[in-house]
$ cat final-v3.txt   # compact mmCIF, C-alpha atoms
# COMPACT_ATOMS: atom_id res chain seq x y z
CA MET A 17 114.07 91.91 85.95
CA ALA A 18 113.98 91.51 89.71
CA GLU A 19 116.61 89.59 91.59
CA LEU A 20 115.77 87.44 94.56
CA PRO A 21 117.78 84.83 96.42
CA ASP A 22 116.17 82.14 94.21
CA GLY A 23 117.24 83.78 90.94
CA THR A 24 116.05 86.27 88.37
CA PHE A 25 112.65 86.56 86.72
CA ASP A 26 110.76 89.05 84.61
CA VAL A 27 108.34 90.79 86.99
CA VAL A 28 107.52 93.55 84.55
CA GLY A 29 106.60 91.27 81.66
CA ASP A 30 104.44 88.97 83.79
CA THR A 31 102.66 91.89 85.40
CA ILE A 32 102.00 93.73 82.16
CA HIS A 33 100.68 90.53 80.59
CA VAL A 34 98.28 89.69 83.44
CA LEU A 35 96.99 93.04 84.68
CA PRO A 36 95.21 94.27 81.51
CA ALA A 37 93.24 91.01 81.43
CA THR A 38 91.67 91.84 84.80
CA GLU A 39 89.57 94.76 83.51
CA LEU A 40 91.04 97.26 85.92
CA THR A 41 88.18 99.70 86.34
CA ARG A 42 88.31 102.37 89.00
CA GLU A 43 85.94 100.38 91.23
CA ARG A 44 88.01 97.19 90.90
CA LEU A 45 91.21 99.11 91.60
CA GLU A 46 89.65 100.56 94.77
CA ARG A 47 88.65 97.09 95.99
CA LEU A 48 92.07 95.60 95.14
CA SER A 49 93.80 98.48 96.88
CA ALA A 50 91.79 97.89 100.06
CA ILE A 51 92.60 94.16 100.01
CA LEU A 52 96.31 94.68 99.40
CA GLU A 53 96.58 97.47 101.97
CA SER A 54 94.94 95.19 104.55
CA ALA A 55 97.50 92.48 103.73
CA ARG A 56 100.40 94.94 103.84
CA SER A 57 99.35 96.27 107.24
CA GLY A 58 98.73 92.79 108.67
CA GLU A 59 94.98 93.28 109.14
CA ILE A 60 94.42 90.14 107.06
CA SER A 61 96.73 87.21 106.38
CA GLU A 62 98.34 86.78 103.01
CA LYS A 63 96.20 83.66 102.55
CA GLU A 64 93.07 85.75 103.14
CA ALA A 65 94.44 88.38 100.75
CA ALA A 66 95.10 85.75 98.09
CA GLU A 67 91.53 84.49 98.41
CA ALA A 68 90.10 88.01 98.25
CA VAL A 69 92.25 88.93 95.23
CA ALA A 70 91.19 85.69 93.51
CA GLU A 71 87.54 86.55 94.08
CA GLU A 72 87.96 90.16 92.90
CA ALA A 73 90.31 89.55 89.97
CA PRO A 74 90.70 85.85 89.09
CA ALA A 75 93.17 86.70 86.32
CA LEU A 76 95.67 87.74 89.01
CA VAL A 77 95.78 84.25 90.57
CA PRO A 78 98.56 82.89 88.31
CA LEU A 79 100.66 85.99 88.92
CA TRP A 80 100.10 85.72 92.70
CA GLU A 81 100.95 82.00 92.68
CA GLN A 82 104.07 82.50 90.57
CA LEU A 83 105.59 85.59 92.16
CA ARG A 84 104.37 85.69 95.77
CA PRO A 85 106.37 82.63 96.89
CA ARG A 86 109.53 84.02 95.29
CA MET A 87 109.12 87.67 96.29
CA GLY A 88 107.52 87.21 99.69
CA ARG A 89 106.02 90.30 101.27
CA ALA A 90 107.62 92.47 98.59
CA PHE A 91 105.07 91.12 96.10
CA VAL A 92 102.16 92.55 98.09
CA VAL A 93 103.95 95.92 98.33
CA PHE A 94 104.77 95.82 94.60
CA LEU A 95 101.23 94.92 93.52
CA LEU A 96 99.74 97.47 95.92
CA ALA A 97 101.99 100.15 94.42
CA VAL A 98 100.89 99.24 90.88
CA VAL A 99 97.21 99.32 91.87
CA GLN A 100 97.52 102.62 93.74
CA ILE A 101 99.36 104.28 90.86
CA LEU A 102 96.65 103.15 88.42
CA LEU A 103 93.92 104.27 90.82
CA THR A 104 95.51 107.69 91.29
CA GLN A 105 95.71 108.07 87.53
CA ALA A 106 92.07 107.06 87.06
CA ILE A 107 90.94 109.56 89.69
CA ALA A 108 93.11 112.37 88.29
CA GLU A 109 91.79 111.78 84.78
CA HIS A 110 88.16 111.38 85.93
CA ARG A 111 87.72 108.08 84.16
CA ASP A 112 86.02 104.83 84.99
CA HIS A 113 87.13 102.69 82.06
CA SER A 114 89.83 100.04 82.38
CA ALA A 115 93.52 100.89 82.43
CA THR A 116 95.34 100.52 79.13
CA LYS A 117 98.43 98.40 78.59
CA GLN A 118 100.51 101.60 78.52
CA ASP A 119 98.95 102.70 81.84
CA VAL A 120 99.92 99.36 83.37
CA GLN A 121 103.44 99.48 81.94
CA ASN A 122 103.98 102.96 83.40
CA ALA A 123 102.55 101.90 86.76
CA VAL A 124 104.77 98.80 86.89
CA GLU A 125 107.87 100.88 86.15
CA GLN A 126 106.94 103.34 88.91
CA ALA A 127 106.18 100.48 91.33
CA ILE A 128 109.62 98.96 90.67
CA GLU A 129 111.17 102.30 91.61
CA ILE A 130 109.11 102.32 94.82
CA CYS A 131 110.24 98.77 95.66
CA LEU A 132 113.86 99.68 94.97
CA ALA A 133 113.66 102.83 97.08
CA GLY A 134 112.11 100.83 99.92
CA GLY A 135 114.79 98.15 99.71
CA TYR A 136 112.28 95.39 98.92
CA CYS A 137 114.11 94.15 95.82
CA SER A 138 116.96 94.76 93.44
CA VAL A 139 116.90 95.00 89.69
CA SER A 140 119.44 93.38 87.37
CA GLY A 141 122.34 95.74 86.96
CA ARG A 142 121.08 98.04 89.72
CA PRO A 143 121.80 97.59 93.43
CA ALA A 144 119.00 97.51 95.96
CA VAL A 145 118.76 100.73 97.92
$ encode --input "final-v3.txt" --output "structure tokens"
Amino acid sequence: MAELPDGTFDVVGDTIHVLPATELTRERLERLSAILESARSGEISEKEAAEAVAEEAPALVPLWEQLRPRMGRAFVVFLLAVVQILLTQAIAEHRDHSATKQDVQNAVEQAIEICLAGGYCSVSGRPAV
């Protein structure tokens, strides 16, 4: 669970549910990573990023619409971390097939740790760093 000023919600569950449906192949992960990195660095607006993500992985639209308004910029950082972790794993394992649900779960858990370490969010029962 992540805590934001608006309340608490289950980021992990929503992310794990949506990401496997997007057929996260290595090529798709590379394109999503480029989009999210451009949004994180300010090269493109978050509106442009949302449109590009919707074109690349339409299954992510509900997640973006639900969590982005509540998490703000932290959502882009969180999703970028998940995508980069999955991409790194795909490259290390020399595979092109889609990430498994377990891959996504592990990546989400690691991304939460990254967000906590960067001070982007807090987790129920754990203070933000």
$ residues_near_point --input "final-v3.txt" --point "(86.6, 98.0, 91.7)" --cutoff "12 Å" --atoms "only C-alpha atoms" --output "list in words"
Thr38, Glu39, Leu40, Thr41, Arg42, Glu43, Arg44, Leu45, Glu46, Arg47, Leu48, Ser49, Ala50, Ile51, Val69, Glu71, Glu72, Ala73, Val99, Leu102, Leu103, Ala106, Asp112, His113, Ser114 and Ala115 of chain A
$ write_last_selection --input "final-v3.txt" --atoms "C-alpha atoms" --output "PDB file, in the frame of the given file"
ATOM      1  CA  THR A  38      91.670  91.840  84.800  1.00  0.00           C
ATOM      2  CA  GLU A  39      89.570  94.760  83.510  1.00  0.00           C
ATOM      3  CA  LEU A  40      91.040  97.260  85.920  1.00  0.00           C
ATOM      4  CA  THR A  41      88.180  99.700  86.340  1.00  0.00           C
ATOM      5  CA  ARG A  42      88.310 102.370  89.000  1.00  0.00           C
ATOM      6  CA  GLU A  43      85.940 100.380  91.230  1.00  0.00           C
ATOM      7  CA  ARG A  44      88.010  97.190  90.900  1.00  0.00           C
ATOM      8  CA  LEU A  45      91.210  99.110  91.600  1.00  0.00           C
ATOM      9  CA  GLU A  46      89.650 100.560  94.770  1.00  0.00           C
ATOM     10  CA  ARG A  47      88.650  97.090  95.990  1.00  0.00           C
ATOM     11  CA  LEU A  48      92.070  95.600  95.140  1.00  0.00           C
ATOM     12  CA  SER A  49      93.800  98.480  96.880  1.00  0.00           C
ATOM     13  CA  ALA A  50      91.790  97.890 100.060  1.00  0.00           C
ATOM     14  CA  ILE A  51      92.600  94.160 100.010  1.00  0.00           C
ATOM     15  CA  VAL A  69      92.250  88.930  95.230  1.00  0.00           C
ATOM     16  CA  GLU A  71      87.540  86.550  94.080  1.00  0.00           C
ATOM     17  CA  GLU A  72      87.960  90.160  92.900  1.00  0.00           C
ATOM     18  CA  ALA A  73      90.310  89.550  89.970  1.00  0.00           C
ATOM     19  CA  VAL A  99      97.210  99.320  91.870  1.00  0.00           C
ATOM     20  CA  LEU A 102      96.650 103.150  88.420  1.00  0.00           C
ATOM     21  CA  LEU A 103      93.920 104.270  90.820  1.00  0.00           C
ATOM     22  CA  ALA A 106      92.070 107.060  87.060  1.00  0.00           C
ATOM     23  CA  ASP A 112      86.020 104.830  84.990  1.00  0.00           C
ATOM     24  CA  HIS A 113      87.130 102.690  82.060  1.00  0.00           C
ATOM     25  CA  SER A 114      89.830 100.040  82.380  1.00  0.00           C
ATOM     26  CA  ALA A 115      93.520 100.890  82.430  1.00  0.00           C
TER      27      ALA A 115
END
$ atom_distance --input "final-v3.txt" --atom1 "CA of Val93 (chain A)" --atom2 "CA of Arg56 (chain A)"
6.6 Å
$ residues_around --input "final-v3.txt" --residues "Trp80 (chain A)" --least-positions-apart "5" --cutoff "10 Å" --atoms "only C-alpha atoms" --output "NGL selection string"
:A and (31 or 66 or 69-70 or 75 or 85-87 or 91-92 or 95)
$ residues_around --input "final-v3.txt" --residues "Asn122 (chain A)" --least-positions-apart "4" --cutoff "9 Å" --atoms "all atoms listed in the file" --output "NGL selection string"
:A and (98 or 101-102 or 117-118 or 126-127)
$ write_last_selection --input "final-v3.txt" --atoms "C-alpha atoms" --output "compact mmCIF listing (two decimals), in the coordinates of the input"
# COMPACT_ATOMS: atom_id res chain seq x y z
CA VAL A 98 100.89 99.24 90.88
CA ILE A 101 99.36 104.28 90.86
CA LEU A 102 96.65 103.15 88.42
CA LYS A 117 98.43 98.40 78.59
CA GLN A 118 100.51 101.60 78.52
CA GLN A 126 106.94 103.34 88.91
CA ALA A 127 106.18 100.48 91.33
$ atom_distance --input "final-v3.txt" --atom1 "CA of Lys63 (chain A)" --atom2 "CA of Val124 (chain A)"
23.4 Å
$ closest_residue --input "final-v3.txt" --among "A:Leu52, A:Ala97, A:Gln82, A:Glu64" --to "Ile128 (chain A)" --atoms "all atoms listed in the file"
A:Ala97
$ atom_distance --input "final-v3.txt" --atom1 "CA of Thr104 (chain A)" --atom2 "CA of Ile130 (chain A)"
15.0 Å
